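Undergrad: Structure file coords-v1.cif (mmCIF, C-alpha atoms (C1' of nucleotides)) is given on the next line.
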```cif
data_start
loop_
_atom_site.label_atom_id
_atom_site.label_comp_id
_atom_site.auth_asym_id
_atom_site.auth_seq_id
_atom_site.Cartn_x
_atom_site.Cartn_y
_atom_site.Cartn_z
CA MET A 1 2.27 -22.83 -31.47
CA SER A 2 1.38 -22.45 -27.88
CA THR A 3 -2.00 -23.40 -26.61
CA ASP A 4 -1.24 -22.98 -22.96
CA ALA A 5 1.94 -20.95 -22.86
CA VAL A 6 2.17 -17.49 -21.41
CA VAL A 7 -0.20 -18.07 -18.54
CA THR A 8 2.03 -16.04 -16.29
CA THR A 9 0.58 -12.89 -14.79
CA ALA A 10 -2.81 -13.01 -16.45
CA ALA A 11 -5.61 -11.80 -14.22
CA TYR A 12 -3.29 -9.89 -11.93
CA GLU A 13 -1.66 -7.64 -14.48
CA ALA A 14 -4.99 -7.33 -16.21
CA CYS A 15 -5.95 -4.92 -13.45
CA PRO A 16 -4.36 -1.63 -14.52
CA VAL A 17 -5.10 0.12 -11.27
CA THR A 18 -2.64 -2.10 -9.42
CA GLY A 19 0.34 -0.42 -11.01
CA VAL A 20 -0.63 3.04 -9.82
CA LEU A 21 -1.58 1.87 -6.37
CA ARG A 22 1.79 0.23 -5.90
CA ILE A 23 3.22 3.73 -6.19
CA ILE A 24 0.73 6.06 -4.56
CA GLY A 25 -0.81 3.47 -2.28
CA ASP A 26 1.85 4.02 0.34
CA LYS A 27 1.54 6.05 3.49
CA TRP A 28 2.68 9.50 2.45
CA SER A 29 2.34 9.92 -1.31
CA PRO A 30 -1.22 11.26 -1.15
CA ALA A 31 -0.27 13.97 1.34
CA VAL A 32 2.73 14.99 -0.75
CA LEU A 33 0.74 15.11 -3.98
CA ARG A 34 -1.93 17.09 -2.20
CA LEU A 35 0.47 19.78 -1.06
CA LEU A 36 2.34 19.96 -4.35
CA ALA A 37 -0.97 20.39 -6.13
CA GLU A 38 -1.36 23.74 -4.40
CA ARG A 39 2.07 25.04 -5.27
CA GLY A 40 5.75 24.18 -5.41
CA HIS A 41 7.37 23.29 -2.10
CA GLY A 42 10.85 22.99 -0.69
CA PHE A 43 11.99 19.93 1.21
CA ASN A 44 11.78 21.21 4.75
CA GLU A 45 8.63 23.02 3.84
CA LEU A 46 7.01 19.70 3.02
CA ASP A 47 8.56 18.18 6.11
CA ARG A 48 6.94 20.80 8.31
CA SER A 49 3.60 20.70 6.52
CA ILE A 50 3.12 16.96 6.76
CA GLU A 51 2.66 16.17 10.42
CA GLY A 52 4.33 12.97 11.47
CA ILE A 53 6.51 12.30 8.45
CA SER A 54 10.23 11.76 8.84
CA ARG A 55 12.83 13.29 6.56
CA ARG A 56 13.81 9.79 5.55
CA MET A 57 10.33 8.83 4.36
CA LEU A 58 9.83 12.20 2.73
CA THR A 59 12.96 11.61 0.70
CA ARG A 60 11.90 8.10 -0.27
CA THR A 61 8.41 9.26 -1.19
CA LEU A 62 9.68 12.12 -3.31
CA ARG A 63 12.21 9.88 -5.05
CA SER A 64 9.52 7.33 -5.81
CA LEU A 65 7.15 9.93 -7.21
CA GLU A 66 9.97 11.47 -9.19
CA GLU A 67 10.99 8.15 -10.75
CA SER A 68 7.39 7.55 -11.72
CA GLY A 69 7.20 10.91 -13.42
CA TYR A 70 4.71 12.51 -11.09
CA VAL A 71 7.05 14.97 -9.41
CA LEU A 72 9.76 17.22 -10.75
CA ARG A 73 12.80 18.05 -8.65
CA THR A 74 14.60 21.27 -9.51
CA PRO A 75 17.62 22.37 -7.47
CA TYR A 76 18.52 26.03 -7.60
CA GLY A 77 20.79 28.33 -5.68
CA PRO A 78 24.40 27.18 -5.43
CA ALA A 79 24.93 28.43 -1.91
CA PRO A 80 22.33 27.42 0.64
CA ALA A 81 21.21 24.38 -1.31
CA ARG A 82 17.60 24.88 -2.25
CA VAL A 83 15.33 22.54 -4.12
CA GLU A 84 11.83 22.96 -5.35
CA TYR A 85 9.42 20.12 -5.87
CA THR A 86 6.56 20.54 -8.27
CA LEU A 87 4.04 18.31 -9.99
CA THR A 88 4.56 17.27 -13.58
CA ALA A 89 1.67 17.23 -16.02
CA ARG A 90 1.14 13.58 -15.19
CA GLY A 91 1.31 14.45 -11.52
CA ARG A 92 -1.41 17.05 -11.82
CA SER A 93 -3.44 14.63 -13.84
CA LEU A 94 -3.07 11.94 -11.20
CA ARG A 95 -3.84 14.40 -8.46
CA GLU A 96 -7.21 15.05 -10.06
CA GLN A 97 -8.03 11.37 -9.88
CA LEU A 98 -6.96 11.27 -6.26
CA ARG A 99 -9.06 14.27 -5.47
CA ALA A 100 -12.07 12.51 -6.92
CA LEU A 101 -11.31 9.43 -4.85
CA GLY A 102 -10.89 11.62 -1.79
CA GLN A 103 -14.23 13.19 -2.50
CA TRP A 104 -15.81 9.78 -2.63
CA ALA A 105 -14.08 8.73 0.57
CA SER A 106 -15.25 11.73 2.55
CA VAL A 107 -18.81 10.98 1.50
CA HIS A 108 -18.90 7.22 1.86
CA ASP A 109 -16.86 7.11 5.02
CA THR A 110 -13.49 5.44 5.17
CA GLY A 111 -14.42 2.46 7.29
CA PRO A 112 -14.57 1.87 11.05
CA MET B 1 -8.32 29.54 24.44
CA SER B 2 -5.59 27.53 22.87
CA THR B 3 -3.53 29.03 20.15
CA ASP B 4 -1.35 26.07 19.43
CA ALA B 5 -3.14 23.06 20.88
CA VAL B 6 -4.41 20.17 18.82
CA VAL B 7 -1.65 20.14 16.29
CA THR B 8 -1.70 16.36 16.24
CA THR B 9 -2.45 14.65 12.96
CA ALA B 10 -3.31 17.74 10.98
CA ALA B 11 -2.13 17.57 7.40
CA TYR B 12 -1.93 13.80 7.37
CA GLU B 13 -5.49 13.00 8.40
CA ALA B 14 -6.65 15.95 6.37
CA CYS B 15 -6.10 13.79 3.30
CA PRO B 16 -9.23 11.65 3.10
CA VAL B 17 -7.90 9.44 0.36
CA THR B 18 -5.33 7.94 2.71
CA GLY B 19 -7.96 5.99 4.60
CA VAL B 20 -9.26 4.21 1.52
CA LEU B 21 -5.81 3.53 0.17
CA ARG B 22 -4.78 1.89 3.41
CA ILE B 23 -7.45 -0.69 2.63
CA ILE B 24 -7.50 -1.12 -1.11
CA GLY B 25 -3.91 -0.04 -1.68
CA ASP B 26 -2.62 -3.53 -0.99
CA LYS B 27 -1.55 -6.06 -3.55
CA TRP B 28 -4.72 -8.04 -4.23
CA SER B 29 -7.77 -5.96 -3.31
CA PRO B 30 -8.13 -4.38 -6.75
CA ALA B 31 -8.17 -7.77 -8.48
CA VAL B 32 -10.72 -9.14 -6.04
CA LEU B 33 -12.99 -6.12 -6.36
CA ARG B 34 -12.66 -6.33 -10.10
CA LEU B 35 -13.83 -9.93 -10.24
CA LEU B 36 -16.61 -9.46 -7.72
CA ALA B 37 -17.87 -6.53 -9.73
CA GLU B 38 -18.71 -8.94 -12.54
CA ARG B 39 -20.60 -11.41 -10.38
CA GLY B 40 -20.53 -13.32 -7.10
CA HIS B 41 -17.64 -15.72 -6.66
CA GLY B 42 -16.75 -18.65 -4.44
CA PHE B 43 -13.46 -18.87 -2.62
CA ASN B 44 -11.62 -21.31 -4.83
CA GLU B 45 -13.15 -19.68 -7.81
CA LEU B 46 -11.43 -16.45 -6.88
CA ASP B 47 -8.29 -18.37 -6.05
CA ARG B 48 -8.19 -19.86 -9.53
CA SER B 49 -9.09 -16.63 -11.28
CA ILE B 50 -6.41 -14.51 -9.68
CA GLU B 51 -3.12 -15.81 -10.96
CA GLY B 52 -0.41 -15.83 -8.34
CA ILE B 53 -2.46 -15.25 -5.22
CA SER B 54 -2.18 -17.63 -2.28
CA ARG B 55 -5.18 -18.90 -0.33
CA ARG B 56 -3.81 -17.18 2.71
CA MET B 57 -3.69 -13.75 1.10
CA LEU B 58 -7.06 -14.29 -0.52
CA THR B 59 -8.54 -14.96 2.90
CA ARG B 60 -6.87 -11.90 4.42
CA THR B 61 -7.91 -9.69 1.53
CA LEU B 62 -11.52 -10.85 1.69
CA ARG B 63 -11.63 -10.41 5.46
CA SER B 64 -10.23 -6.91 5.15
CA LEU B 65 -12.72 -5.92 2.48
CA GLU B 66 -15.51 -7.49 4.48
CA GLU B 67 -14.62 -5.61 7.66
CA SER B 68 -14.54 -2.39 5.71
CA GLY B 69 -18.00 -3.05 4.34
CA TYR B 70 -17.03 -3.52 0.72
CA VAL B 71 -17.63 -7.24 0.46
CA LEU B 72 -20.42 -9.46 1.74
CA ARG B 73 -19.70 -13.04 2.74
CA THR B 74 -22.64 -15.44 2.63
CA PRO B 75 -22.14 -19.12 3.47
CA TYR B 76 -24.68 -21.56 2.16
CA GLY B 77 -24.92 -25.32 1.82
CA PRO B 78 -24.39 -27.26 5.03
CA ALA B 79 -22.56 -30.14 3.43
CA PRO B 80 -19.70 -29.22 1.12
CA ALA B 81 -19.17 -25.83 2.72
CA ARG B 82 -19.82 -23.24 0.08
CA VAL B 83 -19.48 -19.50 0.42
CA GLU B 84 -20.33 -16.74 -1.96
CA TYR B 85 -18.60 -13.41 -1.96
CA THR B 86 -20.38 -10.40 -3.42
CA LEU B 87 -19.93 -6.66 -3.40
CA THR B 88 -21.99 -4.51 -1.08
CA ALA B 89 -23.47 -1.23 -2.26
CA ARG B 90 -20.39 0.53 -0.95
CA GLY B 91 -18.27 -2.04 -2.69
CA ARG B 92 -19.89 -1.42 -6.04
CA SER B 93 -19.58 2.30 -5.45
CA LEU B 94 -15.89 1.98 -4.67
CA ARG B 95 -15.37 -0.27 -7.66
CA GLU B 96 -16.64 2.49 -9.90
CA GLN B 97 -14.00 4.83 -8.53
CA LEU B 98 -11.35 2.21 -9.06
CA ARG B 99 -12.51 1.60 -12.58
CA ALA B 100 -12.10 5.30 -13.29
CA LEU B 101 -8.62 5.24 -11.83
CA GLY B 102 -7.82 2.15 -13.88
CA GLN B 103 -9.03 3.96 -16.97
CA TRP B 104 -6.71 6.81 -16.19
CA ALA B 105 -3.82 4.44 -15.58
CA SER B 106 -4.22 2.59 -18.85
CA VAL B 107 -4.14 5.89 -20.68
CA HIS B 108 -1.37 7.70 -18.82
CA ASP B 109 0.81 4.64 -18.47
CA THR B 110 1.70 3.22 -15.10
CA GLY B 111 5.32 4.22 -15.05
CA PRO B 112 8.47 2.23 -15.82
"C1'" DC C 1 -14.78 -26.75 -0.96
"C1'" DC C 2 -13.24 -23.23 2.52
"C1'" DG C 3 -10.47 -22.01 5.23
"C1'" DA C 4 -6.96 -21.66 9.83
"C1'" DA C 5 -2.08 -22.24 11.65
"C1'" DT C 6 2.61 -21.88 11.32
"C1'" DC C 7 6.97 -20.37 9.49
"C1'" DC C 8 9.75 -17.22 7.33
"C1'" DA C 9 11.79 -13.58 4.07
"C1'" DG C 10 11.55 -8.90 2.54
"C1'" DG C 11 10.09 -4.35 2.49
"C1'" DC C 12 7.86 -0.33 4.72
"C1'" DG C 13 8.36 2.92 7.90
"C1'" DG C 14 10.10 5.20 12.38
"C1'" DA C 15 14.17 7.11 15.38
"C1'" DT C 16 18.41 8.93 15.55
"C1'" DA C 17 22.68 10.86 14.16
"C1'" DC C 18 25.72 12.76 10.67
"C1'" DT C 19 26.95 15.58 6.21
"C1'" DG C 20 27.55 19.37 2.69
"C1'" DC D 1 18.39 24.00 3.73
"C1'" DA D 2 18.41 19.31 1.88
"C1'" DG D 3 19.44 15.44 2.39
"C1'" DT D 4 22.32 10.49 3.70
"C1'" DA D 5 23.41 6.54 6.88
"C1'" DT D 6 22.34 3.14 10.24
"C1'" DC D 7 19.58 0.41 13.07
"C1'" DC D 8 15.53 -1.90 14.07
"C1'" DG D 9 10.49 -3.18 14.81
"C1'" DC D 10 6.44 -4.41 12.37
"C1'" DC D 11 3.56 -5.81 8.88
"C1'" DT D 12 2.82 -7.64 4.28
"C1'" DG D 13 2.90 -11.44 1.72
"C1'" DG D 14 4.51 -16.18 0.10
"C1'" DA D 15 4.95 -21.47 1.08
"C1'" DT D 16 3.41 -25.16 3.36
"C1'" DT D 17 0.71 -27.89 6.33
"C1'" DC D 18 -3.45 -29.16 8.80
"C1'" DG D 19 -8.67 -29.18 9.83
"C1'" DG D 20 -13.96 -28.96 9.14
#
```
Can you give me the file's structure in the form of structure tokens?

TA:
Amino acid sequence: MSTDAVVTTAAYEACPVTGVLRIIGDKWSPAVLRLLAERGHGFNELDRSIEGISRRMLTRTLRSLEESGYVLRTPYGPAPARVEYTLTARGRSLREQLRALGQWASVHDTGP
Amino acid sequence: MSTDAVVTTAAYEACPVTGVLRIIGDKWSPAVLRLLAERGHGFNELDRSIEGISRRMLTRTLRSLEESGYVLRTPYGPAPARVEYTLTARGRSLREQLRALGQWASVHDTGP
DNA sequence: CCGAATCCAGGCGGATACTG
DNA sequence: CAGTATCCGCCTGGATTCGG
């Protein structure tokens, strides 16, 4: 059965790196991962540390990273509503890869 | 002089990886780089190899990679209009980084 | 064979204001 | 402090058509 079936998403899905890039290839994920790699951060703390980001995009970025299992969100403190964002094991692992890529970029230039 | 000047694009630009990702973080660049890493390809050859891509996006992707110095475009043959796309030294160098990231991705899953 | 031109939908990302 | 809600411009990316 099937000589030509299941052509579908052959060469495209065959590139594993695409999946990750669709998540961390956006505008702010690298900066967030970078900061969280140092230590846990609160929301506004991240907001203030990342120059130019909006609270909206910070939320979206954090949600995306959380859903992908890179970031852990832990609310604490019933009163003034505090949340801490930290990297998961996968997040730290990914961060290492990004650091290597960043290393490469700073050496080989990032284009014109 | 200046205690608070030059706040500008601090933490954002401080992340070198962002620059590269803005180029290869799109939908098709990884697949193109992957194929060109094997050998030189013609335009339609790439078009046929990458399932789902449109000629338009292939053109844009190649132009982008060319402008960034990752891909070399060399036309040859006056008659039937042939072009060969190959990786530059920087391109091959970048491809190595991507391969490493792809390795990581295929091990650590790419998320749901 | 290798594109460029046009059209168009959808998503990313910014600005602003409001909530608990 | 930690978000949500709304609006809106822009760019990515797909489909189709035309040209060298």

Undergrad: Using all atoms listed in the file, which protein or nucleic acid residues come within 8 Å of A:Arg99? Drop anything in the same chain fewer than 4 positions from it, and give the result as a PyMOL selection string.

TA: (chain A and resi 95+103) or (chain B and resi 17)

Undergrad: Please identify all polymer residues within 12 Å of D:DA5, counting only C-alpha atoms (C1' of nucleotides), omitting same-chain residues fewer than 2 positions from it, and present them as a list in words.

TA: Arg56 of chain A; DT16, DA17, DC18 and DT19 of chain C; DG3 and DC7 of chain D

Undergrad: Can you translate the PyMOL selection byres ((chain C) within 10 of (chain B)) into the concrete residues it hits in this file, as a ChimeraX atom specification?

TA: /C:1-4

Undergrad: Return the Cα root-mean-square deviation, in Å, for chain B superposed on chain A by least squares with the Cα atoms paired in order.

TA: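 Across all paired C-alpha atoms, the RMSD is 0.4 Å.
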
Undergrad: Restrict the distance test to all atoms listed in the file, flag each residue of chain D within 9 Å of chain A, and return the flagged residues as JSON, numbers by chain.

TA: {"D": [1, 2, 3, 4]}

Undergrad: Name the residues that the PyMOL selection byres ((chain D and resi 8-20) around 10) picks from the file above, as a PyMOL selection string, using the file's chain letters and numbers.

TA: (chain B and resi 26-27+52-54+56-57+80-81) or (chain C and resi 2-15) or (chain D and resi 6-7)
